[in-house]
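File shown: structure-v5.pdb (PDB, C-alpha atoms and all ligand atoms).
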ATOM      1  CA  MET A   1    -304.323  45.036 -30.492  1.00  0.00           C
ATOM      2  CA  GLY A   2    -301.430  43.919 -32.598  1.00  0.00           C
ATOM      3  CA  ILE A   3    -299.706  40.699 -33.502  1.00  0.00           C
ATOM      4  CA  HIS A   4    -296.167  41.710 -34.401  1.00  0.00           C
ATOM      5  CA  VAL A   5    -293.958  39.804 -36.841  1.00  0.00           C
ATOM      6  CA  ASN A   6    -291.737  38.922 -33.843  1.00  0.00           C
ATOM      7  CA  ASP A   7    -294.754  37.406 -32.055  1.00  0.00           C
ATOM      8  CA  VAL A   8    -295.387  35.252 -35.108  1.00  0.00           C
ATOM      9  CA  LYS A   9    -291.776  34.099 -35.024  1.00  0.00           C
ATOM     10  CA  GLN A  10    -291.988  33.296 -31.294  1.00  0.00           C
ATOM     11  CA  TRP A  11    -295.239  31.430 -31.950  1.00  0.00           C
ATOM     12  CA  LEU A  12    -293.519  29.132 -34.444  1.00  0.00           C
ATOM     13  CA  PHE A  13    -290.493  28.597 -32.178  1.00  0.00           C
ATOM     14  CA  LYS A  14    -292.876  27.644 -29.376  1.00  0.00           C
ATOM     15  CA  THR A  15    -294.754  25.343 -31.749  1.00  0.00           C
ATOM     16  CA  ASN A  16    -291.479  23.652 -32.632  1.00  0.00           C
ATOM     17  CA  SER A  17    -290.672  23.096 -28.932  1.00  0.00           C
ATOM     18  CA  ARG A  18    -294.096  21.559 -28.348  1.00  0.00           C
ATOM     19  CA  MET A  19    -293.761  19.252 -31.386  1.00  0.00           C
ATOM     20  CA  GLN A  20    -290.363  18.046 -30.126  1.00  0.00           C
ATOM     21  CA  GLU A  21    -291.797  17.465 -26.623  1.00  0.00           C
ATOM     22  CA  GLU A  22    -294.834  15.602 -27.967  1.00  0.00           C
ATOM     23  CA  LYS A  23    -293.134  13.722 -30.815  1.00  0.00           C
ATOM     24  CA  ALA A  24    -293.494  10.294 -29.147  1.00  0.00           C
ATOM     25  CA  TYR A  25    -297.093  10.975 -28.088  1.00  0.00           C
ATOM     26  CA  LEU A  26    -298.137  12.101 -31.592  1.00  0.00           C
ATOM     27  CA  THR A  27    -296.465   9.038 -33.041  1.00  0.00           C
ATOM     28  CA  ALA A  28    -298.270   6.770 -30.569  1.00  0.00           C
ATOM     29  CA  LEU A  29    -301.612   8.360 -31.519  1.00  0.00           C
ATOM     30  CA  ASP A  30    -300.854   7.727 -35.194  1.00  0.00           C
ATOM     31  CA  GLN A  31    -299.805   4.140 -34.425  1.00  0.00           C
ATOM     32  CA  ALA A  32    -303.317   3.504 -33.116  1.00  0.00           C
ATOM     33  CA  ILE A  33    -305.252   4.665 -36.206  1.00  0.00           C
ATOM     34  CA  GLY A  34    -302.638   5.452 -38.871  1.00  0.00           C
ATOM     35  CA  ASP A  35    -299.084   4.494 -39.781  1.00  0.00           C
ATOM     36  CA  GLY A  36    -297.211   5.934 -36.806  1.00  0.00           C
ATOM     37  CA  ASP A  37    -295.286   8.750 -38.474  1.00  0.00           C
ATOM     38  CA  HIS A  38    -297.184  11.866 -37.385  1.00  0.00           C
ATOM     39  CA  GLY A  39    -294.850  12.792 -34.525  1.00  0.00           C
ATOM     40  CA  ILE A  40    -291.829  12.277 -36.746  1.00  0.00           C
ATOM     41  CA  ASN A  41    -293.416  14.379 -39.498  1.00  0.00           C
ATOM     42  CA  MET A  42    -294.326  17.279 -37.209  1.00  0.00           C
ATOM     43  CA  ALA A  43    -291.044  17.240 -35.297  1.00  0.00           C
ATOM     44  CA  ARG A  44    -288.994  17.240 -38.484  1.00  0.00           C
ATOM     45  CA  GLY A  45    -291.140  19.859 -40.215  1.00  0.00           C
ATOM     46  CA  PHE A  46    -291.205  22.415 -37.423  1.00  0.00           C
ATOM     47  CA  GLN A  47    -287.523  21.833 -36.641  1.00  0.00           C
ATOM     48  CA  GLU A  48    -286.769  22.843 -40.229  1.00  0.00           C
ATOM     49  CA  VAL A  49    -289.125  25.828 -39.903  1.00  0.00           C
ATOM     50  CA  ALA A  50    -287.272  26.969 -36.761  1.00  0.00           C
ATOM     51  CA  ILE A  51    -283.901  26.671 -38.529  1.00  0.00           C
ATOM     52  CA  LYS A  52    -285.193  28.773 -41.451  1.00  0.00           C
ATOM     53  CA  LEU A  53    -286.731  31.439 -39.177  1.00  0.00           C
ATOM     54  CA  GLU A  54    -283.644  31.635 -36.945  1.00  0.00           C
ATOM     55  CA  LYS A  55    -281.421  32.656 -39.819  1.00  0.00           C
ATOM     56  CA  THR A  56    -283.808  35.117 -41.469  1.00  0.00           C
ATOM     57  CA  ALA A  57    -284.785  38.635 -40.393  1.00  0.00           C
ATOM     58  CA  TYR A  58    -288.412  39.345 -41.238  1.00  0.00           C
ATOM     59  CA  THR A  59    -290.397  42.557 -41.313  1.00  0.00           C
ATOM     60  CA  ASP A  60    -293.275  41.011 -43.283  1.00  0.00           C
ATOM     61  CA  ILE A  61    -295.549  38.429 -41.603  1.00  0.00           C
ATOM     62  CA  GLY A  62    -296.587  37.321 -45.095  1.00  0.00           C
ATOM     63  CA  SER A  63    -293.084  36.287 -46.117  1.00  0.00           C
ATOM     64  CA  LEU A  64    -292.464  34.614 -42.732  1.00  0.00           C
ATOM     65  CA  LEU A  65    -295.624  32.514 -43.162  1.00  0.00           C
ATOM     66  CA  GLN A  66    -294.813  31.876 -46.812  1.00  0.00           C
ATOM     67  CA  ASP A  67    -291.383  30.474 -45.868  1.00  0.00           C
ATOM     68  CA  THR A  68    -293.005  28.379 -43.129  1.00  0.00           C
ATOM     69  CA  GLY A  69    -295.462  26.883 -45.611  1.00  0.00           C
ATOM     70  CA  MET A  70    -292.725  26.212 -48.173  1.00  0.00           C
ATOM     71  CA  VAL A  71    -290.546  24.434 -45.607  1.00  0.00           C
ATOM     72  CA  LEU A  72    -293.449  22.270 -44.404  1.00  0.00           C
ATOM     73  CA  LEU A  73    -294.434  21.430 -47.984  1.00  0.00           C
ATOM     74  CA  SER A  74    -290.921  20.464 -48.973  1.00  0.00           C
ATOM     75  CA  LYS A  75    -289.709  18.713 -45.807  1.00  0.00           C
ATOM     76  CA  VAL A  76    -292.755  16.852 -44.509  1.00  0.00           C
ATOM     77  CA  GLY A  77    -294.141  13.789 -46.224  1.00  0.00           C
ATOM     78  CA  GLY A  78    -297.493  12.173 -45.656  1.00  0.00           C
ATOM     79  CA  ALA A  79    -300.828  13.899 -45.727  1.00  0.00           C
ATOM     80  CA  SER A  80    -299.996  16.415 -43.041  1.00  0.00           C
ATOM     81  CA  GLY A  81    -297.037  18.152 -44.766  1.00  0.00           C
ATOM     82  CA  PRO A  82    -298.980  19.376 -47.805  1.00  0.00           C
ATOM     83  CA  LEU A  83    -302.003  20.239 -45.619  1.00  0.00           C
ATOM     84  CA  PHE A  84    -300.091  22.298 -43.027  1.00  0.00           C
ATOM     85  CA  GLY A  85    -297.947  23.726 -45.833  1.00  0.00           C
ATOM     86  CA  THR A  86    -301.002  24.867 -47.790  1.00  0.00           C
ATOM     87  CA  ALA A  87    -302.559  26.320 -44.637  1.00  0.00           C
ATOM     88  CA  PHE A  88    -299.521  28.551 -44.000  1.00  0.00           C
ATOM     89  CA  MET A  89    -299.165  29.559 -47.659  1.00  0.00           C
ATOM     90  CA  LYS A  90    -302.817  30.620 -47.797  1.00  0.00           C
ATOM     91  CA  ALA A  91    -302.543  32.502 -44.500  1.00  0.00           C
ATOM     92  CA  ALA A  92    -299.426  34.227 -45.861  1.00  0.00           C
ATOM     93  CA  MET A  93    -301.396  35.859 -48.665  1.00  0.00           C
ATOM     94  CA  VAL A  94    -303.696  37.608 -46.171  1.00  0.00           C
ATOM     95  CA  CYS A  95    -300.712  38.939 -44.181  1.00  0.00           C
ATOM     96  CA  LYS A  96    -298.636  40.095 -47.144  1.00  0.00           C
ATOM     97  CA  GLY A  97    -296.845  43.383 -46.435  1.00  0.00           C
ATOM     98  CA  LYS A  98    -297.870  43.540 -42.757  1.00  0.00           C
ATOM     99  CA  THR A  99    -295.334  43.950 -39.940  1.00  0.00           C
ATOM    100  CA  GLU A 100    -298.178  43.920 -37.459  1.00  0.00           C
ATOM    101  CA  ALA A 101    -301.501  42.156 -37.883  1.00  0.00           C
ATOM    102  CA  THR A 102    -304.829  42.722 -36.134  1.00  0.00           C
ATOM    103  CA  THR A 103    -306.933  39.913 -34.677  1.00  0.00           C
ATOM    104  CA  ALA A 104    -309.292  40.525 -37.618  1.00  0.00           C
ATOM    105  CA  ASP A 105    -306.343  39.798 -39.946  1.00  0.00           C
ATOM    106  CA  LEU A 106    -305.651  36.661 -37.920  1.00  0.00           C
ATOM    107  CA  GLY A 107    -309.278  35.580 -38.365  1.00  0.00           C
ATOM    108  CA  ALA A 108    -309.083  36.149 -42.123  1.00  0.00           C
ATOM    109  CA  ALA A 109    -305.741  34.322 -42.337  1.00  0.00           C
ATOM    110  CA  LEU A 110    -307.088  31.325 -40.388  1.00  0.00           C
ATOM    111  CA  GLN A 111    -310.159  31.208 -42.632  1.00  0.00           C
ATOM    112  CA  GLU A 112    -307.940  31.165 -45.731  1.00  0.00           C
ATOM    113  CA  ALA A 113    -305.919  28.359 -44.134  1.00  0.00           C
ATOM    114  CA  VAL A 114    -309.149  26.410 -43.576  1.00  0.00           C
ATOM    115  CA  ASN A 115    -310.198  26.995 -47.183  1.00  0.00           C
ATOM    116  CA  GLY A 116    -306.821  25.690 -48.369  1.00  0.00           C
ATOM    117  CA  ILE A 117    -307.002  22.571 -46.176  1.00  0.00           C
ATOM    118  CA  LYS A 118    -310.518  21.839 -47.440  1.00  0.00           C
ATOM    119  CA  LEU A 119    -309.600  22.366 -51.067  1.00  0.00           C
ATOM    120  CA  ARG A 120    -306.629  20.055 -50.760  1.00  0.00           C
ATOM    121  CA  GLY A 121    -308.005  17.372 -48.431  1.00  0.00           C
ATOM    122  CA  LYS A 122    -311.735  17.438 -49.234  1.00  0.00           C
ATOM    123  CA  ALA A 123    -312.611  16.932 -45.566  1.00  0.00           C
ATOM    124  CA  GLU A 124    -315.407  18.624 -43.641  1.00  0.00           C
ATOM    125  CA  VAL A 125    -315.842  19.263 -39.938  1.00  0.00           C
ATOM    126  CA  GLY A 126    -316.743  15.887 -38.419  1.00  0.00           C
ATOM    127  CA  SER A 127    -314.457  13.848 -40.720  1.00  0.00           C
ATOM    128  CA  LYS A 128    -312.041  13.356 -37.778  1.00  0.00           C
ATOM    129  CA  THR A 129    -309.160  15.349 -39.246  1.00  0.00           C
ATOM    130  CA  MET A 130    -307.083  18.404 -38.322  1.00  0.00           C
ATOM    131  CA  LEU A 131    -309.928  20.487 -39.768  1.00  0.00           C
ATOM    132  CA  ASP A 132    -311.936  19.681 -36.628  1.00  0.00           C
ATOM    133  CA  VAL A 133    -309.603  22.038 -34.764  1.00  0.00           C
ATOM    134  CA  TRP A 134    -308.690  24.506 -37.539  1.00  0.00           C
ATOM    135  CA  GLU A 135    -312.260  25.386 -38.487  1.00  0.00           C
ATOM    136  CA  PRO A 136    -313.777  26.143 -35.044  1.00  0.00           C
ATOM    137  CA  VAL A 137    -310.651  28.147 -34.162  1.00  0.00           C
ATOM    138  CA  ALA A 138    -310.934  30.188 -37.381  1.00  0.00           C
ATOM    139  CA  GLN A 139    -314.615  30.775 -36.728  1.00  0.00           C
ATOM    140  CA  TYR A 140    -314.060  31.824 -33.105  1.00  0.00           C
ATOM    141  CA  VAL A 141    -311.338  34.312 -33.998  1.00  0.00           C
ATOM    142  CA  GLN A 142    -313.502  35.871 -36.713  1.00  0.00           C
ATOM    143  CA  GLU A 143    -316.502  36.121 -34.393  1.00  0.00           C
ATOM    144  CA  HIS A 144    -314.533  37.502 -31.418  1.00  0.00           C
ATOM    145  CA  ALA A 145    -311.895  39.556 -33.226  1.00  0.00           C
ATOM    146  CA  GLU A 146    -312.879  42.718 -31.351  1.00  0.00           C
ATOM    147  CA  GLN A 147    -312.319  41.200 -27.899  1.00  0.00           C
ATOM    148  CA  LEU A 148    -310.298  38.069 -28.320  1.00  0.00           C
ATOM    149  CA  SER A 149    -309.612  36.024 -25.206  1.00  0.00           C
ATOM    150  CA  TRP A 150    -306.512  33.926 -25.811  1.00  0.00           C
ATOM    151  CA  SER A 151    -307.313  31.612 -22.928  1.00  0.00           C
ATOM    152  CA  ALA A 152    -310.883  31.047 -24.207  1.00  0.00           C
ATOM    153  CA  LEU A 153    -309.444  30.357 -27.648  1.00  0.00           C
ATOM    154  CA  ASN A 154    -307.028  27.859 -26.131  1.00  0.00           C
ATOM    155  CA  ASP A 155    -309.908  26.110 -24.336  1.00  0.00           C
ATOM    156  CA  LEU A 156    -311.951  25.969 -27.523  1.00  0.00           C
ATOM    157  CA  ALA A 157    -309.027  24.461 -29.451  1.00  0.00           C
ATOM    158  CA  ARG A 158    -308.493  21.834 -26.738  1.00  0.00           C
ATOM    159  CA  LEU A 159    -312.197  20.910 -26.561  1.00  0.00           C
ATOM    160  CA  SER A 160    -312.365  20.683 -30.361  1.00  0.00           C
ATOM    161  CA  MET A 161    -309.356  18.352 -30.331  1.00  0.00           C
ATOM    162  CA  GLU A 162    -310.913  16.182 -27.597  1.00  0.00           C
ATOM    163  CA  LYS A 163    -314.152  15.858 -29.584  1.00  0.00           C
ATOM    164  CA  THR A 164    -312.341  13.954 -32.355  1.00  0.00           C
ATOM    165  CA  LYS A 165    -312.061  10.967 -29.997  1.00  0.00           C
ATOM    166  CA  GLU A 166    -315.709  10.041 -30.484  1.00  0.00           C
ATOM    167  CA  MET A 167    -315.750  10.653 -34.230  1.00  0.00           C
ATOM    168  CA  GLU A 168    -315.514   8.046 -36.952  1.00  0.00           C
ATOM    169  CA  ALA A 169    -312.821   8.915 -39.491  1.00  0.00           C
ATOM    170  CA  LYS A 170    -314.046   9.752 -42.979  1.00  0.00           C
ATOM    171  CA  LYS A 171    -310.759  10.993 -44.461  1.00  0.00           C
ATOM    172  CA  GLY A 172    -307.097  10.031 -44.275  1.00  0.00           C
ATOM    173  CA  ARG A 173    -305.607   6.682 -43.298  1.00  0.00           C
ATOM    174  CA  ALA A 174    -307.832   6.339 -40.229  1.00  0.00           C
ATOM    175  CA  ALA A 175    -310.886   6.154 -42.536  1.00  0.00           C
ATOM    176  CA  TYR A 176    -309.786   2.621 -43.526  1.00  0.00           C
ATOM    177  CA  LEU A 177    -310.571   1.554 -39.960  1.00  0.00           C
ATOM    178  CA  GLY A 178    -314.165   2.802 -40.195  1.00  0.00           C
ATOM    179  CA  PRO A 179    -315.928   2.398 -36.821  1.00  0.00           C
ATOM    180  CA  ARG A 180    -312.707   1.083 -35.239  1.00  0.00           C
ATOM    181  CA  SER A 181    -311.313   4.623 -35.436  1.00  0.00           C
ATOM    182  CA  VAL A 182    -313.815   5.663 -32.731  1.00  0.00           C
ATOM    183  CA  GLY A 183    -312.283   6.008 -29.259  1.00  0.00           C
ATOM    184  CA  HIS A 184    -308.965   7.450 -30.485  1.00  0.00           C
ATOM    185  CA  LEU A 185    -307.931  11.081 -30.808  1.00  0.00           C
ATOM    186  CA  ASP A 186    -307.070  12.233 -34.320  1.00  0.00           C
ATOM    187  CA  PRO A 187    -303.281  12.832 -34.399  1.00  0.00           C
ATOM    188  CA  GLY A 188    -303.530  15.842 -36.736  1.00  0.00           C
ATOM    189  CA  SER A 189    -306.087  17.473 -34.451  1.00  0.00           C
ATOM    190  CA  VAL A 190    -303.723  17.058 -31.522  1.00  0.00           C
ATOM    191  CA  SER A 191    -300.791  18.626 -33.420  1.00  0.00           C
ATOM    192  CA  THR A 192    -303.094  21.430 -34.598  1.00  0.00           C
ATOM    193  CA  TYR A 193    -304.042  21.949 -30.955  1.00  0.00           C
ATOM    194  CA  TYR A 194    -300.334  22.365 -30.067  1.00  0.00           C
ATOM    195  CA  LEU A 195    -300.049  24.955 -32.852  1.00  0.00           C
ATOM    196  CA  MET A 196    -303.023  26.906 -31.486  1.00  0.00           C
ATOM    197  CA  GLU A 197    -301.929  26.482 -27.871  1.00  0.00           C
ATOM    198  CA  ALA A 198    -298.524  27.923 -28.815  1.00  0.00           C
ATOM    199  CA  LEU A 199    -300.265  30.908 -30.438  1.00  0.00           C
ATOM    200  CA  CYS A 200    -302.369  31.562 -27.333  1.00  0.00           C
ATOM    201  CA  THR A 201    -299.506  31.250 -24.850  1.00  0.00           C
ATOM    202  CA  THR A 202    -297.248  33.435 -27.016  1.00  0.00           C
ATOM    203  CA  MET A 203    -299.871  36.158 -27.317  1.00  0.00           C
ATOM    204  CA  ASN A 204    -300.852  36.032 -23.637  1.00  0.00           C
ATOM    205  CA  ARG A 205    -297.227  36.469 -22.698  1.00  0.00           C
ATOM    206  CA  SER A 206    -296.750  39.410 -25.035  1.00  0.00           C
ATOM    207  CA  GLY A 207    -299.060  41.356 -22.724  1.00  0.00           C
ATOM    208  CA  GLU A 208    -302.176  41.581 -24.811  1.00  0.00           C
ATOM    209  CA  PRO A 209    -305.425  41.682 -22.832  1.00  0.00           C
ATOM    210  CA  ALA A 210    -306.858  38.222 -22.317  1.00  0.00           C
TER     211      ALA A 210
HETATM  212  P1  LIG A 301    -300.191  10.287 -43.160  1.00  0.00           P
HETATM  213  O1  LIG A 301    -301.640  10.125 -42.842  1.00  0.00           O
HETATM  214  O2  LIG A 301    -299.939  10.414 -44.610  1.00  0.00           O
HETATM  215  O3  LIG A 301    -299.355   9.236 -42.499  1.00  0.00           O
HETATM  216  P2  LIG A 301    -299.612  12.108 -40.996  1.00  0.00           P
HETATM  217  O4  LIG A 301    -299.637  10.898 -40.137  1.00  0.00           O
HETATM  218  O5  LIG A 301    -298.459  13.027 -40.805  1.00  0.00           O
HETATM  219  O6  LIG A 301    -299.733  11.718 -42.533  1.00  0.00           O
HETATM  220  O7  LIG A 301    -300.910  12.975 -40.713  1.00  0.00           O
HETATM  221  C1  LIG A 301    -302.139  12.395 -40.390  1.00  0.00           C
HETATM  222  C2  LIG A 301    -303.141  13.483 -40.089  1.00  0.00           C
HETATM  223  O8  LIG A 301    -303.427  14.236 -41.261  1.00  0.00           O
HETATM  224  C3  LIG A 301    -304.483  12.941 -39.642  1.00  0.00           C
HETATM  225  O9  LIG A 301    -304.498  12.704 -38.247  1.00  0.00           O
HETATM  226  C4  LIG A 301    -305.451  14.042 -40.042  1.00  0.00           C
HETATM  227  O10 LIG A 301    -305.606  15.010 -39.021  1.00  0.00           O
HETATM  228  C5  LIG A 301    -304.756  14.708 -41.202  1.00  0.00           C
HETATM  229  N1  LIG A 301    -305.419  14.374 -42.477  1.00  0.00           N
HETATM  230  C6  LIG A 301    -305.299  13.235 -43.197  1.00  0.00           C
HETATM  231  N2  LIG A 301    -306.040  13.306 -44.317  1.00  0.00           N
HETATM  232  C7  LIG A 301    -306.673  14.522 -44.286  1.00  0.00           C
HETATM  233  C8  LIG A 301    -307.582  15.206 -45.165  1.00  0.00           C
HETATM  234  N3  LIG A 301    -307.999  14.647 -46.301  1.00  0.00           N
HETATM  235  N4  LIG A 301    -307.996  16.449 -44.794  1.00  0.00           N
HETATM  236  C9  LIG A 301    -307.580  17.022 -43.652  1.00  0.00           C
HETATM  237  N5  LIG A 301    -306.711  16.426 -42.804  1.00  0.00           N
HETATM  238  C10 LIG A 301    -306.272  15.197 -43.113  1.00  0.00           C
HETATM  239 MG    MG A 302    -299.243   8.958 -40.445  1.00  0.00          MG
END
Produce structure tokens that represent the structure in this file.
Amino acid sequence: MGIHVNDVKQWLFKTNSRMQEEKAYLTALDQAIGDGDHGINMARGFQEVAIKLEKTAYTDIGSLLQDTGMVLLSKVGGASGPLFGTAFMKAAMVCKGKTEATTADLGAALQEAVNGIKLRGKAEVGSKTMLDVWEPVAQYVQEHAEQLSWSALNDLARLSMEKTKEMEAKKGRAAYLGPRSVGHLDPGSVSTYYLMEALCTTMNRSGEPA
């Protein structure tokens, strides 16, 4: 089964729509345990990504993801810009030269993204960060690459996001709150969920077996 460069483009357009729709919600989540800019950061970043992708014709998933990472790195401040930017740049390397990727390629690309986020942010699973969604998703795709169910992947991403509510933050601004961060969703996990949800809905719609 293939993930075509046009699917990747549609995925990022869909992600942008979701970030615009959820801008206020993401900001409210960040107001509770951070500084209240996460929705603004994501909405601005993916808007700029969409503008870049709209005006460029791609045949190489690697260069599409590379441009996405560069835009996020350069246009988004805060912790999340460099982290999402690094994730896309690392994923780009795995997809270099490919017009169509396999789910095994997707698994490898997600794992590279996770490695990049960890290297940059020094968080682990359980630190109540975006990694709490990225890592289980990367693992699931690698383990189920042969028979990937997009709806099961979507469910896993959502459950992983929901689990951050009960965690105590160990990294990022929320860590300053210590135990008071418990009871709130991690904003970066919620935006990462929208990214994964957009991937799953895009791929389901493109007629791949679920
Ligand atoms: P900032 O925290 O600089 O205001 P954002 O509000 O845009 O930036 O992003 C906050 C999100 O970034 C958090 O919810 C968390 O998911 C993620 N994050 C923060 N620090 C780290 C880190 N060290 N590793 C992984 N993710 C992190
Ligand atoms: Mg913030």
Checklist entry - What is the atom C9 of ligand LIG 301 (chain A) to CA of Pro136 in chain A distance in Å? => result 14.0 Å
Checklist entry - Smallest atom-to-atom distance to Val94 in chain A: which of A:Asp60, A:Ala169, A:Ala123, A:Leu72, using all atoms listed in the file? => result A:Asp60
Next on the checklist: Any residue with an atom at most 7 Å from ligand MG 302 (chain A) counts, using all atoms listed in the file. Which are they? Put them as a PyMOL selection string.
Outcome noted: chain A and resi 30+34-38+78
Next on the checklist: Could you list the protein, DNA and RNA residues that have any atom within 10 Å of ligand LIG 301 (chain A), counting all atoms listed in the file, and write them as a ChimeraX atom specification?
Outcome noted: /A:26-27,29-31,33-42,76-84,114,116-125,127-134,164,169-175,185-192
Next on the checklist: With the PyMOL selection byres (((chain A and resi 198-201) around 9) and not hetatm) as the selection, what would be picked from this file? Answer as a list in words, please.
Outcome noted: Asp7, Val8, Gln10, Trp11, Leu12, Phe13, Lys14, Thr15, Arg18, Ser149, Trp150, Ser151, Leu153, Asn154, Tyr193, Tyr194, Leu195, Met196, Glu197, Thr202, Met203, Asn204, Arg205 and Ser206 of chain A
Item to check | Neighbour list for range 99-102 of chain A as a list in words, cut-off 9 Å, all atoms listed in the file, skip fewer than 6 positions in-chain | outcome: Met1, Gly2, Ile3, His4, Val5, Asn6, Tyr58, Thr59, Asp60, Ile61, Gly62 and Ala145 of chain A
Checklist entry - What is the CA of Lys9 in chain A-CA of Leu53 in chain A distance in Å, reported with one decimal? => result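 Here the two named atoms are 7.1 Å from each other.
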Next on the checklist: For the PyMOL selection byres (((chain A and resi 67) around 10) and not hetatm), applied here, can you spell out every residue it catches as a PyMOL selection string?
Outcome noted: chain A and resi 49+52-53+56+61-66+68-73+85+88-89+92
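The gap separating CA of Ala50 in chain A from CA of Ser17 in chain A is 9.4 Å, in Å to one decimal.
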Item to check | Residues matched by the PyMOL selection byres (((chain A and resi 143) around 12) and not hetatm) as a ChimeraX atom specification | outcome: /A:103-104,106-108,111,136-142,144-149,153
Around range 53-68 of chain A, with edges along x, y and z and 8 Å added on all six sides, what centre and edge lengths do you get, in Å to one decimal, as JSON?
{"center_x": -289.0, "center_y": 35.5, "center_z": -41.9, "size_x": 31.2, "size_y": 30.2, "size_z": 25.9}
